[in-house]
Amino acid sequence: MLIREEIDQFLKLPTGNVCDANNKGGNMDYTIKPIDRKSKLVGPAVTVKCPPGDNLIIHKAIYCAEPGSVLVIDAHGYTGAGPMGEIVVMACQERGIAGIVVDGTCRDANDIEELGFPFFCRGFNPGGTVKESWGTINATIQCAGVVVNPGDIIVGDVDGVVVVAKEKAAEVLKKAQAIADKEMKIREMLKQGKTTLEIYGFDKLIEQRGYK
């Protein structure tokens, strides 16, 4: 298990590097995006399964989550209402929660952006929800096409969200850092006039395959 200082190292890495290091996997559906394009998100998952159109379990989950964690909510992709808005986000901030990822929508998007809270979702809908059904907290869920277990590391930026299994997090972090270092060197080589064909050896591959 990674300690908090190690988990925070993911903040320095783009999700593309993390996804590549994660065996090119763990990336949620492309529609899951941050309200604020400048948002960066990282933390261990507190998983929530929420009935469509109902947000009672979310209110409970806020107070089950430890500071620094990320609420990852399977709302079944429901976009007919926004189960969370400014009030829920303010409660999360007071609790010290690092961010929210929901397979669904939200409302009060401008207010959430002004609060500076990392919130990732499919879109926005002003519709309200009920408080009639229950769900689950800290069980295995599927969110936006990816299986998420409690404690898995959630990494998000403008490109989207990547889920890293907690037991592989240290390995993925090390690989992602190596990829980032390599890309820094490649940028320098490009500035020196080299082509991507030369740098990656694609020219030889193209020649071997008989392409012109």
# chains A, B, ... in the order shown; residues from 1 in each chain; ligands from 1

call {"tool": "closest_atom_pairs", "arguments": {"of": "stretch 135-192 of chain A", "to": "stretch 72-75 of chain A", "cutoff": "9 Å", "atoms": "only C-alpha atoms", "output": "JSON lines"}}
result
{"residue": "A:Ile141", "atom": "CA", "partner": "A:Asp74", "partner_atom": "CA", "distance": 6.7}
{"residue": "A:Gln142", "atom": "CA", "partner": "A:Asp74", "partner_atom": "CA", "distance": 6.4}
{"residue": "A:Cys143", "atom": "CA", "partner": "A:Asp74", "partner_atom": "CA", "distance": 5.0}
{"residue": "A:Ala144", "atom": "CA", "partner": "A:Asp74", "partner_atom": "CA", "distance": 7.6}
{"residue": "A:Val148", "atom": "CA", "partner": "A:Val72", "partner_atom": "CA", "distance": 8.1}
{"residue": "A:Ile154", "atom": "CA", "partner": "A:Val72", "partner_atom": "CA", "distance": 8.5}

call {"tool": "write_last_selection", "arguments": {"atoms": "N, CA and C atoms", "output": "compact mmCIF listing (two decimals), in the first residue's frame"}}
result
# COMPACT_ATOMS: atom_id res chain seq x y z
N ILE A 141 -17.73 -2.01 -7.24
CA ILE A 141 -18.70 -1.43 -8.16
C ILE A 141 -18.11 -1.39 -9.56
N GLN A 142 -18.95 -1.03 -10.51
CA GLN A 142 -18.48 -0.71 -11.84
C GLN A 142 -18.89 0.73 -12.13
N CYS A 143 -17.92 1.58 -12.44
CA CYS A 143 -18.19 2.99 -12.68
C CYS A 143 -17.68 3.36 -14.06
N ALA A 144 -18.59 3.77 -14.94
CA ALA A 144 -18.23 4.21 -16.29
C ALA A 144 -17.37 3.18 -17.01
N VAL A 148 -14.19 -0.91 -9.88
CA VAL A 148 -13.49 -0.14 -8.85
C VAL A 148 -13.71 -0.82 -7.50
N ILE A 154 -7.52 6.55 -7.56
CA ILE A 154 -8.24 7.27 -8.61
C ILE A 154 -7.39 8.46 -9.04

call {"tool": "select_by_dssp", "arguments": {"residues": "stretch 41-92 of chain A", "states": "helix (DSSP H, G or I)", "output": "NGL selection string"}}
result
:A and (56-62 or 86-92)

call {"tool": "residues_around", "arguments": {"residues": "A:Glu94", "least_positions_apart": "2", "cutoff": "12 Å", "atoms": "only C-alpha atoms", "output": "list of chain:residue names"}}
result
A:Ile62, A:Tyr63, A:Ala65, A:Glu66, A:Pro67, A:Gly68, A:Ile87, A:Val88, A:Val89, A:Met90, A:Ala91, A:Cys92, A:Gly96, A:Ile97, A:Ala98, A:Gly99, A:Leu115, A:Phe117

call {"tool": "write_last_selection", "arguments": {"atoms": "N, CA and C atoms", "output": "PDB file, in the first residue's frame"}}
result
ATOM      1  N   ILE A  62     -20.488  10.385   2.474  1.00  0.00           N
ATOM      2  CA  ILE A  62     -19.610  11.524   2.797  1.00  0.00           C
ATOM      3  C   ILE A  62     -18.989  11.333   4.174  1.00  0.00           C
ATOM      4  N   TYR A  63     -19.772  10.814   5.111  1.00  0.00           N
ATOM      5  CA  TYR A  63     -19.313  10.712   6.490  1.00  0.00           C
ATOM      6  C   TYR A  63     -18.723   9.340   6.819  1.00  0.00           C
ATOM      7  N   ALA A  65     -16.318   8.447   4.547  1.00  0.00           N
ATOM      8  CA  ALA A  65     -15.058   8.654   3.826  1.00  0.00           C
ATOM      9  C   ALA A  65     -14.042   9.358   4.704  1.00  0.00           C
ATOM     10  N   GLU A  66     -12.794   8.910   4.590  1.00  0.00           N
ATOM     11  CA  GLU A  66     -11.693   9.563   5.301  1.00  0.00           C
ATOM     12  C   GLU A  66     -11.210  10.769   4.499  1.00  0.00           C
ATOM     13  N   PRO A  67     -10.653  11.766   5.156  1.00  0.00           N
ATOM     14  CA  PRO A  67     -10.063  12.898   4.430  1.00  0.00           C
ATOM     15  C   PRO A  67      -9.030  12.417   3.405  1.00  0.00           C
ATOM     16  N   GLY A  68      -9.046  13.047   2.229  1.00  0.00           N
ATOM     17  CA  GLY A  68      -8.115  12.675   1.166  1.00  0.00           C
ATOM     18  C   GLY A  68      -8.623  11.610   0.239  1.00  0.00           C
ATOM     19  N   ILE A  87     -24.388  21.990  -2.340  1.00  0.00           N
ATOM     20  CA  ILE A  87     -24.472  21.641  -0.917  1.00  0.00           C
ATOM     21  C   ILE A  87     -23.671  20.381  -0.613  1.00  0.00           C
ATOM     22  N   VAL A  88     -23.843  19.355  -1.445  1.00  0.00           N
ATOM     23  CA  VAL A  88     -23.097  18.108  -1.247  1.00  0.00           C
ATOM     24  C   VAL A  88     -21.600  18.351  -1.371  1.00  0.00           C
ATOM     25  N   VAL A  89     -21.201  19.158  -2.347  1.00  0.00           N
ATOM     26  CA  VAL A  89     -19.777  19.441  -2.534  1.00  0.00           C
ATOM     27  C   VAL A  89     -19.209  20.199  -1.335  1.00  0.00           C
ATOM     28  N   MET A  90     -19.955  21.162  -0.808  1.00  0.00           N
ATOM     29  CA  MET A  90     -19.480  21.882   0.377  1.00  0.00           C
ATOM     30  C   MET A  90     -19.312  20.938   1.559  1.00  0.00           C
ATOM     31  N   ALA A  91     -20.230  19.988   1.712  1.00  0.00           N
ATOM     32  CA  ALA A  91     -20.108  18.990   2.779  1.00  0.00           C
ATOM     33  C   ALA A  91     -18.848  18.149   2.587  1.00  0.00           C
ATOM     34  N   CYS A  92     -18.566  17.785   1.339  1.00  0.00           N
ATOM     35  CA  CYS A  92     -17.354  17.014   1.030  1.00  0.00           C
ATOM     36  C   CYS A  92     -16.100  17.819   1.366  1.00  0.00           C
ATOM     37  N   GLY A  96     -13.014  17.100   4.009  1.00  0.00           N
ATOM     38  CA  GLY A  96     -11.656  16.892   3.515  1.00  0.00           C
ATOM     39  C   GLY A  96     -11.559  15.896   2.396  1.00  0.00           C
ATOM     40  N   ILE A  97     -12.689  15.589   1.762  1.00  0.00           N
ATOM     41  CA  ILE A  97     -12.700  14.653   0.635  1.00  0.00           C
ATOM     42  C   ILE A  97     -12.009  15.293  -0.569  1.00  0.00           C
ATOM     43  N   ALA A  98     -11.214  14.496  -1.284  1.00  0.00           N
ATOM     44  CA  ALA A  98     -10.377  15.028  -2.369  1.00  0.00           C
ATOM     45  C   ALA A  98     -11.158  15.305  -3.641  1.00  0.00           C
ATOM     46  N   GLY A  99     -12.262  14.607  -3.871  1.00  0.00           N
ATOM     47  CA  GLY A  99     -13.015  14.816  -5.103  1.00  0.00           C
ATOM     48  C   GLY A  99     -14.101  13.781  -5.270  1.00  0.00           C
ATOM     49  N   LEU A 115     -16.044  26.719  -6.324  1.00  0.00           N
ATOM     50  CA  LEU A 115     -15.534  26.150  -5.070  1.00  0.00           C
ATOM     51  C   LEU A 115     -14.166  25.495  -5.252  1.00  0.00           C
ATOM     52  N   PHE A 117     -13.535  22.504  -6.437  1.00  0.00           N
ATOM     53  CA  PHE A 117     -13.583  21.100  -6.027  1.00  0.00           C
ATOM     54  C   PHE A 117     -13.520  20.192  -7.248  1.00  0.00           C
TER      55      PHE A 117
END

call {"tool": "select_by_dssp", "arguments": {"residues": "stretch 73-186 of chain A", "states": "strand (DSSP E)", "output": "MDAnalysis selection string"}}
result
chainID A and resid 73:78 99:106 119:121 123:124 136:137 141:143 146:148 153:157 160:164

call {"tool": "residues_around", "arguments": {"residues": "stretch 17-26 of chain A", "least_positions_apart": "2", "cutoff": "8 Å", "atoms": "only C-alpha atoms", "output": "mmCIF file with N, CA and C atoms, in the first residue's frame"}}
result
data_model
loop_
_atom_site.group_PDB
_atom_site.id
_atom_site.type_symbol
_atom_site.label_atom_id
_atom_site.label_comp_id
_atom_site.auth_asym_id
_atom_site.auth_seq_id
_atom_site.Cartn_x
_atom_site.Cartn_y
_atom_site.Cartn_z
ATOM 1 N N PHE A 10 1.152 10.935 -7.956
ATOM 2 C CA PHE A 10 0.349 10.792 -9.169
ATOM 3 C C PHE A 10 -0.126 12.149 -9.693
ATOM 4 N N LEU A 13 1.671 13.592 -12.660
ATOM 5 C CA LEU A 13 1.676 12.803 -13.890
ATOM 6 C C LEU A 13 0.368 12.971 -14.656
ATOM 7 N N PRO A 14 0.429 13.108 -15.982
ATOM 8 C CA PRO A 14 -0.809 13.122 -16.764
ATOM 9 C C PRO A 14 -1.460 11.744 -16.760
ATOM 10 N N THR A 15 -2.775 11.733 -16.886
ATOM 11 C CA THR A 15 -3.472 10.452 -16.872
ATOM 12 C C THR A 15 -3.042 9.552 -18.024
ATOM 13 N N MET A 28 -11.762 5.237 -17.552
ATOM 14 C CA MET A 28 -13.221 5.273 -17.590
ATOM 15 C C MET A 28 -13.713 5.776 -18.939
ATOM 16 N N VAL A 146 -15.510 0.670 -15.711
ATOM 17 C CA VAL A 146 -14.316 0.159 -15.033
ATOM 18 C C VAL A 146 -14.700 -0.373 -13.645
ATOM 19 N N VAL A 162 -8.564 7.574 -14.498
ATOM 20 C CA VAL A 162 -7.941 6.248 -14.548
ATOM 21 C C VAL A 162 -8.017 5.624 -13.159
ATOM 22 N N VAL A 163 -8.366 4.353 -13.116
ATOM 23 C CA VAL A 163 -8.432 3.600 -11.871
ATOM 24 C C VAL A 163 -7.241 2.652 -11.809
ATOM 25 N N VAL A 164 -6.474 2.749 -10.738
ATOM 26 C CA VAL A 164 -5.301 1.882 -10.541
ATOM 27 C C VAL A 164 -5.578 0.970 -9.347
ATOM 28 N N VAL A 172 2.678 0.773 -10.757
ATOM 29 C CA VAL A 172 2.183 1.679 -11.793
ATOM 30 C C VAL A 172 2.788 3.066 -11.630
ATOM 31 N N LEU A 173 2.896 3.533 -10.394
ATOM 32 C CA LEU A 173 3.501 4.846 -10.157
ATOM 33 C C LEU A 173 4.938 4.885 -10.671
ATOM 34 N N LYS A 175 6.362 3.003 -12.976
ATOM 35 C CA LYS A 175 6.370 2.929 -14.441
ATOM 36 C C LYS A 175 5.934 4.259 -15.063
ATOM 37 N N ALA A 176 4.910 4.876 -14.486
ATOM 38 C CA ALA A 176 4.411 6.140 -15.022
ATOM 39 C C ALA A 176 5.467 7.241 -14.901
ATOM 40 N N GLN A 177 6.198 7.237 -13.799
ATOM 41 C CA GLN A 177 7.274 8.218 -13.633
ATOM 42 C C GLN A 177 8.377 7.998 -14.662
ATOM 43 N N ILE A 179 7.936 6.696 -17.651
ATOM 44 C CA ILE A 179 7.389 7.146 -18.933
ATOM 45 C C ILE A 179 7.485 8.662 -19.042
ATOM 46 N N ALA A 180 7.142 9.354 -17.969
ATOM 47 C CA ALA A 180 7.209 10.818 -17.972
ATOM 48 C C ALA A 180 8.641 11.305 -18.190
#

call {"tool": "residues_around", "arguments": {"residues": "A:Ala170", "least_positions_apart": "5", "cutoff": "9 Å", "atoms": "only C-alpha atoms", "output": "ChimeraX atom specification"}}
result
/A:1-2,6-7,175

call {"tool": "closest_atom_pairs", "arguments": {"of": "stretch 54-138 of chain A", "to": "stretch 31-35 of chain A", "cutoff": "6 Å", "atoms": "only C-alpha atoms", "output": "JSON lines"}}
result
{"residue": "A:Phe119", "atom": "CA", "partner": "A:Pro34", "partner_atom": "CA", "distance": 5.4}
{"residue": "A:Phe120", "atom": "CA", "partner": "A:Pro34", "partner_atom": "CA", "distance": 4.2}
{"residue": "A:Cys121", "atom": "CA", "partner": "A:Ile32", "partner_atom": "CA", "distance": 4.8}
{"residue": "A:Arg122", "atom": "CA", "partner": "A:Ile32", "partner_atom": "CA", "distance": 4.8}

call {"tool": "write_last_selection", "arguments": {"atoms": "C-alpha atoms", "output": "PDB file, in the first residue's frame"}}
result
ATOM      1  CA  PHE A 119     -15.791  16.887  -9.725  1.00  0.00           C
ATOM      2  CA  PHE A 120     -15.909  14.425 -12.634  1.00  0.00           C
ATOM      3  CA  CYS A 121     -19.186  13.401 -14.277  1.00  0.00           C
ATOM      4  CA  ARG A 122     -21.005  12.768 -17.569  1.00  0.00           C
TER       5      ARG A 122
END

call {"tool": "closest_atom_pairs", "arguments": {"of": "stretch 82-166 of chain A", "to": "stretch 37-55 of chain A", "cutoff": "7 Å", "atoms": "only C-alpha atoms", "output": "CSV"}}
result
residue,atom,partner,partner_atom,distance
A:Pro83,CA,A:Asn55,CA,5.4
A:Ala98,CA,A:Gly43,CA,6.6
A:Gly99,CA,A:Leu41,CA,6.5
A:Pro118,CA,A:Ser39,CA,5.4
A:Thr129,CA,A:Gly53,CA,4.9
A:Val130,CA,A:Asp54,CA,4.8
A:Lys131,CA,A:Asp54,CA,5.4
A:Glu132,CA,A:Asp54,CA,6.7
A:Ser133,CA,A:Asp54,CA,6.6
A:Gly135,CA,A:Cys50,CA,5.2
A:Thr136,CA,A:Lys49,CA,5.1
A:Ile137,CA,A:Val48,CA,4.6
A:Asn138,CA,A:Thr47,CA,4.7
A:Ala139,CA,A:Thr47,CA,6.3
A:Ile141,CA,A:Lys49,CA,6.7
A:Asn149,CA,A:Thr47,CA,6.8
A:Pro150,CA,A:Ala45,CA,5.3
A:Gly151,CA,A:Pro44,CA,4.6
A:Asp152,CA,A:Pro44,CA,5.3
A:Ile153,CA,A:Pro44,CA,4.5
A:Ile154,CA,A:Val42,CA,5.3
A:Val155,CA,A:Val42,CA,4.5
A:Gly156,CA,A:Leu41,CA,4.7
A:Asp157,CA,A:Lys40,CA,4.8
A:Val158,CA,A:Arg37,CA,5.1
